[in-house]
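Peer 1: Have a look at this one.
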Amino acid sequence: MQKNLLRKIQQGDEDSFLTLLEKYQQRVLAYFYRCLGDEHTAEDLTQNVFLVILRQIKSGEIWEYFDRYLFKVCKNLALKEFRRRNVKLQTLEKTEMIEDGRDFSLDHERKNSVQGALEDLPFMQKQTIV
(Lines give C-alpha, C1' and ligand atoms only; values in the text may rest on other atoms or scores of the structure.)
Protein backbone atom coordinates (compact mmCIF):
# COMPACT_ATOMS: atom_id res chain seq x y z
CA MET A 1 0.00 0.00 0.00
CA GLN A 2 2.79 2.45 0.92
CA LYS A 3 4.54 1.92 -2.40
CA ASN A 4 1.30 2.52 -4.29
CA LEU A 5 0.81 5.80 -2.44
CA LEU A 6 4.38 6.86 -3.27
CA ARG A 7 3.88 5.93 -6.93
CA LYS A 8 0.70 8.02 -7.09
CA ILE A 9 2.59 10.96 -5.62
CA GLN A 10 5.32 10.38 -8.19
CA GLN A 11 2.67 10.66 -10.90
CA GLY A 12 1.48 13.99 -9.52
CA ASP A 13 -1.52 12.91 -7.43
CA GLU A 14 -1.87 15.73 -4.88
CA ASP A 15 -4.50 13.86 -2.84
CA SER A 16 -2.00 11.06 -2.26
CA PHE A 17 0.56 13.55 -0.99
CA LEU A 18 -2.05 15.02 1.35
CA THR A 19 -2.77 11.49 2.60
CA LEU A 20 0.93 10.96 3.30
CA LEU A 21 1.14 14.35 4.98
CA GLU A 22 -1.90 13.66 7.18
CA LYS A 23 -0.49 10.30 8.22
CA TYR A 24 2.95 11.53 9.29
CA GLN A 25 2.83 15.28 9.92
CA GLN A 26 1.93 15.13 13.63
CA ARG A 27 4.55 12.47 14.37
CA VAL A 28 7.25 14.47 12.59
CA LEU A 29 6.22 17.69 14.32
CA ALA A 30 6.26 15.95 17.73
CA TYR A 31 9.70 14.49 16.99
CA PHE A 32 11.18 17.91 16.21
CA TYR A 33 9.49 19.52 19.20
CA ARG A 34 10.85 16.87 21.55
CA CYS A 35 14.32 17.22 20.08
CA LEU A 36 14.53 21.00 19.93
CA GLY A 37 11.88 22.27 22.34
CA ASP A 38 10.88 25.09 19.98
CA GLU A 39 7.45 24.99 18.35
CA HIS A 40 8.25 27.38 15.50
CA THR A 41 11.46 25.57 14.55
CA ALA A 42 9.61 22.25 14.78
CA GLU A 43 6.97 23.54 12.35
CA ASP A 44 9.60 24.87 9.93
CA LEU A 45 11.58 21.64 9.97
CA THR A 46 8.40 19.60 9.51
CA GLN A 47 7.64 21.55 6.34
CA ASN A 48 11.24 21.09 5.18
CA VAL A 49 11.08 17.33 5.70
CA PHE A 50 8.02 16.98 3.49
CA LEU A 51 9.55 19.21 0.82
CA VAL A 52 12.67 17.00 0.81
CA ILE A 53 10.55 13.86 0.64
CA LEU A 54 8.37 15.27 -2.16
CA ARG A 55 11.41 16.26 -4.23
CA GLN A 56 12.92 12.81 -3.81
CA ILE A 57 9.69 11.05 -4.72
CA LYS A 58 9.35 13.24 -7.82
CA SER A 59 12.93 12.33 -8.79
CA GLY A 60 12.09 8.62 -8.74
CA GLU A 61 12.81 7.54 -5.16
CA ILE A 62 10.49 4.94 -3.65
CA TRP A 63 11.49 3.33 -0.37
CA GLU A 64 10.70 -0.15 0.90
CA TYR A 65 10.45 1.14 4.47
CA PHE A 66 9.20 4.71 4.15
CA ASP A 67 8.86 5.30 7.92
CA ARG A 68 12.53 4.54 8.47
CA TYR A 69 13.63 6.82 5.68
CA LEU A 70 11.32 9.63 6.79
CA PHE A 71 12.72 9.64 10.31
CA LYS A 72 16.27 9.37 9.00
CA VAL A 73 15.62 12.64 7.16
CA CYS A 74 14.12 14.06 10.37
CA LYS A 75 17.15 13.03 12.39
CA ASN A 76 19.53 14.59 9.87
CA LEU A 77 17.62 17.89 9.84
CA ALA A 78 17.45 17.92 13.65
CA LEU A 79 21.22 17.35 13.80
CA LYS A 80 21.81 20.24 11.38
CA GLU A 81 19.57 22.52 13.41
CA PHE A 82 21.15 21.37 16.66
CA ARG A 83 24.61 22.14 15.32
CA ARG A 84 23.52 25.43 13.80
CA ARG A 85 21.92 26.74 16.97
CA ASN A 86 23.81 24.66 19.52
CA VAL A 87 20.59 24.18 21.51
CA LYS A 88 19.98 21.77 24.35
CA LEU A 89 17.61 19.02 23.39
CA GLN A 90 14.31 18.57 25.17
CA THR A 91 13.62 14.91 25.77
CA LEU A 92 10.56 14.87 28.03
CA GLU A 93 7.15 15.90 26.81
CA LYS A 94 5.11 18.29 28.87
CA THR A 95 2.05 16.08 28.67
CA GLU A 96 0.68 13.69 31.22
CA MET A 97 -0.31 10.11 30.47
CA ILE A 98 -3.55 8.96 32.02
CA GLU A 99 -4.61 5.36 31.70
CA ASP A 100 -7.43 3.65 33.56
CA GLY A 101 -7.88 6.77 35.70
CA ARG A 102 -4.31 6.57 37.06
CA ASP A 103 -1.85 9.39 36.45
CA PHE A 104 1.52 8.13 35.20
CA SER A 105 3.17 11.55 34.87
CA LEU A 106 6.45 12.09 36.66
CA ASP A 107 6.30 14.27 39.73
CA HIS A 108 8.11 17.58 39.37
CA GLU A 109 11.26 16.57 41.27
CA ARG A 110 11.73 13.27 39.42
CA LYS A 111 11.02 14.93 36.07
CA ASN A 112 13.73 17.54 36.70
CA SER A 113 16.16 14.84 37.80
CA VAL A 114 15.53 12.74 34.71
CA GLN A 115 15.64 15.82 32.45
CA GLY A 116 19.01 16.83 33.92
CA ALA A 117 20.45 13.36 33.40
CA LEU A 118 19.20 13.26 29.81
CA GLU A 119 20.67 16.67 29.01
CA ASP A 120 24.09 15.33 30.02
CA LEU A 121 23.91 12.56 27.40
CA PRO A 122 25.62 12.96 24.02
CA PHE A 123 23.22 13.81 21.17
CA MET A 124 23.20 10.36 19.59
CA GLN A 125 22.34 8.67 22.89
CA LYS A 126 19.47 11.13 23.37
CA GLN A 127 18.12 10.09 19.97
CA THR A 128 17.57 6.58 21.30
CA ILE A 129 15.32 7.98 24.00
CA VAL A 130 13.54 10.60 21.90
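Quick note on naming: the chains in the C-alpha coordinates go A, B, ... in the order shown, residues restart at 1 in each chain, and ligands are numbered from 1 in order of appearance.
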Give me, as a count of residues only, all polymer residues having an atom no more than 9 Å from A:Ser59, counting only C-alpha atoms and skipping those fewer than 4 positions away in the same chain.
Peer 2: 3
Peer 1: Which residues are close to A:Thr46, i.e. within 9 Å by only C-alpha atoms, leaving aside same-chain residues fewer than 4 positions away? Reply as a list in words.
Peer 2: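 The contact residues come out as Gln25, Gln26, Val28, Leu29, Phe32, Thr41, Ala42, Phe50, Leu51 and Cys74 of chain A.
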Peer 1: Just how far from atom CA of A:Arg84 is atom CA of A:Trp63, in Å to one decimal?
Peer 2: 28.9 Å
Peer 1: How many Å lie between atom CA of A:Lys8 and atom CA of A:Lys23, rounded to one decimal?
Peer 2: 15.5 Å
Peer 1: Of the candidates A:Ala30, A:Ala78, A:Cys35, A:Leu21, which shows the shortest atom-to-atom distance to A:Ile53, using only C-alpha atoms?
Peer 2: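 Ranking A:Ala30, A:Ala78, A:Cys35, A:Leu21 by distance to A:Ile53, first place goes to A:Leu21.
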Peer 1: Between A:Ile57, A:Gly116, A:Leu77, A:Arg68, which residue has the minimum interatomic distance to A:Leu45, considering only C-alpha atoms?
Peer 2: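 Ranked by minimum distance to A:Leu45, first place goes to A:Leu77.
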Peer 1: What is the distance between atom CA of A:Leu18 and atom CA of A:Asp38, in Å to one decimal?
Peer 2: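 Straight-line distance from atom CA of A:Leu18 to atom CA of A:Asp38 works out to 24.8 Å.
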Peer 1: With only C-alpha atoms as the basis for distance, which of A:Gly12, A:Gly60, A:Tyr31, A:Leu20 is at the shortest distance from A:Lys75?
Peer 2: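 Using only C-alpha atoms, A:Lys75 sits closest to A:Tyr31.
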Peer 1: Looking at A:Glu61, A:Glu81, A:Asp44, A:Glu22, which one is nearest to A:Ile9, with distances taken over only C-alpha atoms?
Peer 2: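 Looking at the shortest contact to A:Ile9, the residue is A:Glu61.
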